[in-house]
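Take a look at the structure set out below.
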Amino acid sequence: MKIHKLTIIYMAIICAAALSLALFLEYKGVSFWSNIAVGILSSGVLALIISVVGYNVERRRTLEEFYTQACKAVRNLGLYEHDENEEQIMRTIIKMADYDYSALNTSYANIDFIWNSKKLRNRIYNNVYLKIVTIKNEIAHKVVHFQWYLTGKTTNLPVMQYYIKELDKILVMRNDSEFHNEDGSITKMSYVYSSTSRIIEEELNTWYFQLMYGKKAGTKVPTKE
């Protein structure tokens, strides 16, 4: 996207300069050089049109690539399920840590808009990319401890349980409630209302989907697997 964006900017400048020069030379009565300037303007306009078409094609391809890579990363994060078996959770997290995020990083870096570039990139960064990277980094910080525990290099289960709880907080959205009973006691309840992966997926399938294909495309309805 960046190459096409720069080409459009440069060609627009050349066209504007050629038009100004052609009008100035025509005003001065220098027809020969004025015609040359008009020729440069015509070539510049043609190149500008080609650049705009190329940018639109590349824009869609780049956004689709990021969408694809983000969905793959989200599916990897969706592997996590809270389980009473701590060792099973640790094995799942180790599997999640093996995922390669390089394609996601590259696809995000390639995004560069002509209009509202900073605003749009910030929204993609904050609502999708940063959420994925934050979880990835949190997993990377803790997975080595899980590997040590499963291989017997450490036997400190309470610490592993603490790490699992910390990851659980960012991977699963919970709502904690307290109910006062008639005897004065308090009953605490916690229920899962969404997962972080599902929240990111909703971002991708709503406003980001419209960013790729236009508002007329609506939103994408997630398929049930």
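Lettering and numbering for the structure tokens are positional, with chains as A, B, ... in the shown order, residues counted from 1 in each chain, and ligands counted from 1 in the shown order.
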Original post:
So which residues touch stretch 38-49 of chain A within 6 Å, counting only C-alpha atoms, skipping near sequence neighbours fewer than 2 positions away, as a list in words?
Top reply: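 Skipping anything fewer than 2 positions along the chain leaves Ile8, Met11, Cys15, Ala18, Ala22, Asn35, Ile36, Ser51 and Val52 of chain A.
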**OP:** Find the spatial neighbours of A:His145, counting only C-alpha atoms, within a cut-off of 10 Å - ignore same-chain residues fewer than 2 positions away - and output them as a list in words.
**Re:**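 Answer for this query is Met90, Ala140, His141, Lys142, Val143, Gln147, Trp148, Tyr149, Leu150, Thr151, Lys153, Thr154, Asn156, Val159, Met160 and Tyr163 of chain A.
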Original post:
Using only C-alpha atoms, which of A:Thr92, A:Thr155, A:Ser31, A:Asn126 sits nearest A:Gly78?
Top reply: A:Thr92
Original post:
stretch 4-186 of chain A: which residues are strand (DSSP E or B) by DSSP, as a PyMOL selection string?
Top reply: chain A and resi 172-180+186
Subject >> Interatomic distance, atom CA of A:Ala217 to atom CA of A:Glu203 (Å, one decimal) >> reply: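 If I compute the distance from atom CA of A:Ala217 to atom CA of A:Glu203, I get 15.1 Å.
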If you run DSSP on the backbone here, which positions in chain A get helix (DSSP H, G or I)? Please write them as a CSV table (one decimal) with C-alpha atoms, in the first residue's frame.
```csv
chain,number,residue,atom,x,y,z
A,2,LYS,CA,2.8,2.4,0.8
A,3,ILE,CA,4.4,2.3,-2.6
A,4,HIS,CA,1.1,3.0,-4.3
A,5,LYS,CA,0.3,5.7,-1.8
A,6,LEU,CA,3.6,7.5,-2.5
A,7,THR,CA,3.2,7.1,-6.3
A,8,ILE,CA,-0.3,8.7,-6.1
A,9,ILE,CA,1.1,11.6,-4.0
A,10,TYR,CA,4.1,12.2,-6.4
A,11,MET,CA,2.0,11.9,-9.5
A,12,ALA,CA,-0.6,14.4,-8.1
A,13,ILE,CA,2.2,16.9,-7.4
A,14,ILE,CA,3.6,16.4,-10.9
A,15,CYS,CA,0.1,16.9,-12.5
A,16,ALA,CA,-0.5,20.0,-10.4
A,17,ALA,CA,2.9,21.4,-11.4
A,18,ALA,CA,2.4,20.6,-15.1
A,19,LEU,CA,-1.0,22.2,-15.1
A,20,SER,CA,0.3,25.3,-13.5
A,21,LEU,CA,3.2,25.5,-15.9
A,22,ALA,CA,0.9,24.9,-18.9
A,23,LEU,CA,-1.4,27.7,-17.9
A,24,PHE,CA,1.5,30.1,-17.2
A,25,LEU,CA,3.2,29.4,-20.5
A,26,GLU,CA,-0.1,29.7,-22.4
A,27,TYR,CA,-0.6,33.1,-20.6
A,28,LYS,CA,2.8,34.2,-21.7
A,31,SER,CA,2.7,27.8,-27.2
A,32,PHE,CA,5.5,25.2,-27.9
A,33,TRP,CA,6.5,24.8,-24.3
A,34,SER,CA,2.9,25.0,-23.2
A,35,ASN,CA,2.1,22.0,-25.4
A,36,ILE,CA,4.9,20.1,-23.9
A,37,ALA,CA,3.6,20.9,-20.4
A,38,VAL,CA,0.1,19.7,-21.5
A,39,GLY,CA,1.7,16.5,-22.7
A,40,ILE,CA,3.4,15.9,-19.4
A,41,LEU,CA,0.1,16.7,-17.7
A,42,SER,CA,-1.7,14.1,-19.9
A,43,SER,CA,0.9,11.4,-19.1
A,44,GLY,CA,0.8,12.3,-15.4
A,45,VAL,CA,-3.0,12.0,-15.3
A,46,LEU,CA,-2.8,8.6,-16.9
A,47,ALA,CA,-0.2,7.4,-14.5
A,48,LEU,CA,-2.2,8.8,-11.6
A,49,ILE,CA,-5.3,6.9,-12.7
A,50,ILE,CA,-3.3,3.7,-12.9
A,51,SER,CA,-1.8,4.4,-9.5
A,52,VAL,CA,-5.2,4.9,-7.9
A,53,VAL,CA,-6.5,1.7,-9.4
A,54,GLY,CA,-3.4,-0.2,-8.2
A,55,TYR,CA,-3.7,1.3,-4.7
A,56,ASN,CA,-7.3,0.2,-4.4
A,57,VAL,CA,-6.4,-3.3,-5.5
A,58,GLU,CA,-3.4,-3.4,-3.1
A,59,ARG,CA,-5.5,-1.9,-0.3
A,60,ARG,CA,-8.0,-4.6,-0.4
A,61,ARG,CA,-5.4,-7.3,-0.7
A,62,THR,CA,-3.4,-6.0,2.2
A,63,LEU,CA,-6.5,-5.6,4.5
A,64,GLU,CA,-7.6,-9.1,3.5
A,65,GLU,CA,-4.2,-10.5,4.4
A,66,PHE,CA,-4.3,-8.9,7.8
A,67,TYR,CA,-7.8,-10.2,8.3
A,68,THR,CA,-6.8,-13.7,7.5
A,69,GLN,CA,-3.7,-13.6,9.7
A,70,ALA,CA,-5.6,-12.0,12.6
A,71,CYS,CA,-8.4,-14.7,12.3
A,72,LYS,CA,-5.7,-17.4,12.5
A,73,ALA,CA,-4.2,-15.8,15.6
A,74,VAL,CA,-7.6,-15.5,17.2
A,75,ARG,CA,-8.3,-19.2,16.5
A,76,ASN,CA,-5.0,-20.0,18.3
A,77,LEU,CA,-6.0,-17.9,21.3
A,86,GLU,CA,-3.8,-27.5,35.6
A,87,GLU,CA,-1.4,-29.7,33.7
A,88,GLN,CA,-3.8,-29.8,30.8
A,89,ILE,CA,-4.1,-26.0,30.8
A,90,MET,CA,-0.3,-25.7,30.8
A,91,ARG,CA,0.0,-28.0,27.8
A,92,THR,CA,-2.6,-26.1,25.9
A,93,ILE,CA,-0.8,-22.8,26.7
A,94,ILE,CA,2.5,-24.3,25.5
A,95,LYS,CA,0.8,-25.3,22.3
A,96,MET,CA,-0.6,-21.7,21.9
A,97,ALA,CA,2.9,-20.3,22.4
A,102,SER,CA,5.4,-13.2,12.0
A,103,ALA,CA,2.8,-13.1,9.1
A,104,LEU,CA,0.5,-11.1,11.3
A,105,ASN,CA,3.2,-8.6,12.1
A,106,THR,CA,4.1,-8.2,8.5
A,107,SER,CA,0.5,-7.8,7.3
A,108,TYR,CA,-0.1,-5.1,9.9
A,109,ALA,CA,3.1,-3.2,8.9
A,117,SER,CA,-4.2,6.8,7.8
A,118,LYS,CA,-3.2,7.6,11.4
A,119,LYS,CA,-6.8,7.3,12.7
A,120,LEU,CA,-7.5,4.0,10.9
A,121,ARG,CA,-4.2,2.4,11.7
A,122,ASN,CA,-4.6,3.4,15.4
A,123,ARG,CA,-8.0,1.8,15.5
A,124,ILE,CA,-6.7,-1.5,13.9
A,125,TYR,CA,-3.8,-1.4,16.3
A,126,ASN,CA,-5.8,-0.8,19.5
A,127,ASN,CA,-8.8,-2.9,18.7
A,128,VAL,CA,-7.2,-5.9,17.1
A,129,TYR,CA,-3.4,-6.0,16.8
A,130,LEU,CA,-2.4,-4.8,20.3
A,131,LYS,CA,-4.9,-7.2,22.0
A,132,ILE,CA,-3.4,-10.2,20.2
A,133,VAL,CA,0.2,-9.1,20.8
A,134,THR,CA,-0.5,-8.4,24.5
A,135,ILE,CA,-1.8,-11.9,25.1
A,136,LYS,CA,1.0,-13.4,23.0
A,137,ASN,CA,3.6,-11.6,25.2
A,138,GLU,CA,1.8,-12.6,28.4
A,139,ILE,CA,1.9,-16.2,27.3
A,140,ALA,CA,5.5,-16.0,26.3
A,141,HIS,CA,6.5,-14.7,29.8
A,142,LYS,CA,4.9,-17.6,31.5
A,143,VAL,CA,5.2,-20.6,29.2
A,144,VAL,CA,8.8,-21.3,30.2
A,145,HIS,CA,7.7,-21.9,33.8
A,146,PHE,CA,5.0,-24.3,32.6
A,147,GLN,CA,7.6,-26.2,30.6
A,148,TRP,CA,9.8,-26.4,33.6
A,149,TYR,CA,7.0,-27.8,35.7
A,150,LEU,CA,5.9,-30.4,33.2
A,157,LEU,CA,2.3,-25.9,41.8
A,158,PRO,CA,0.9,-22.8,43.6
A,159,VAL,CA,3.1,-20.6,41.4
A,160,MET,CA,1.8,-22.3,38.3
A,161,GLN,CA,-1.7,-21.9,39.5
A,162,TYR,CA,-1.0,-18.2,40.0
A,163,TYR,CA,0.3,-17.8,36.4
A,164,ILE,CA,-2.7,-19.7,35.0
A,165,LYS,CA,-5.0,-17.4,36.9
A,166,GLU,CA,-3.2,-14.3,35.5
A,167,LEU,CA,-3.6,-15.6,31.9
A,168,ASP,CA,-7.2,-16.6,32.6
A,169,LYS,CA,-7.9,-12.9,33.4
A,170,ILE,CA,-6.9,-11.7,30.0
A,171,LEU,CA,-8.1,-14.7,28.0
A,196,THR,CA,-11.0,-12.3,24.4
A,197,SER,CA,-10.7,-14.2,21.2
A,198,ARG,CA,-14.4,-13.8,20.5
A,199,ILE,CA,-14.3,-10.0,21.2
A,200,ILE,CA,-11.4,-9.6,18.7
A,201,GLU,CA,-13.3,-11.7,16.2
A,202,GLU,CA,-16.3,-9.4,16.5
A,203,GLU,CA,-14.1,-6.4,15.8
A,204,LEU,CA,-12.8,-8.1,12.7
A,205,ASN,CA,-16.2,-9.0,11.4
A,207,TRP,CA,-16.2,-2.3,11.3
A,208,TYR,CA,-13.0,-3.9,9.9
A,209,PHE,CA,-15.0,-6.0,7.5
A,210,GLN,CA,-16.7,-2.8,6.3
A,211,LEU,CA,-13.3,-1.1,6.0
A,212,MET,CA,-12.2,-3.9,3.6
A,213,TYR,CA,-15.3,-4.0,1.4
A,215,LYS,CA,-20.3,-0.1,4.3
A,216,LYS,CA,-22.6,-1.7,1.7
A,217,ALA,CA,-21.0,-5.0,2.4
```
Subject >> Straight-line distance linking atom CA of A:Asp112 with atom CA of A:Gly214, stated in Å to one decimal >> reply: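 Going from atom CA of A:Asp112 over to atom CA of A:Gly214 covers 16.9 Å.
Atom CA of A:Tyr80 is positioned 13.2 Å from atom CA of A:Tyr99.
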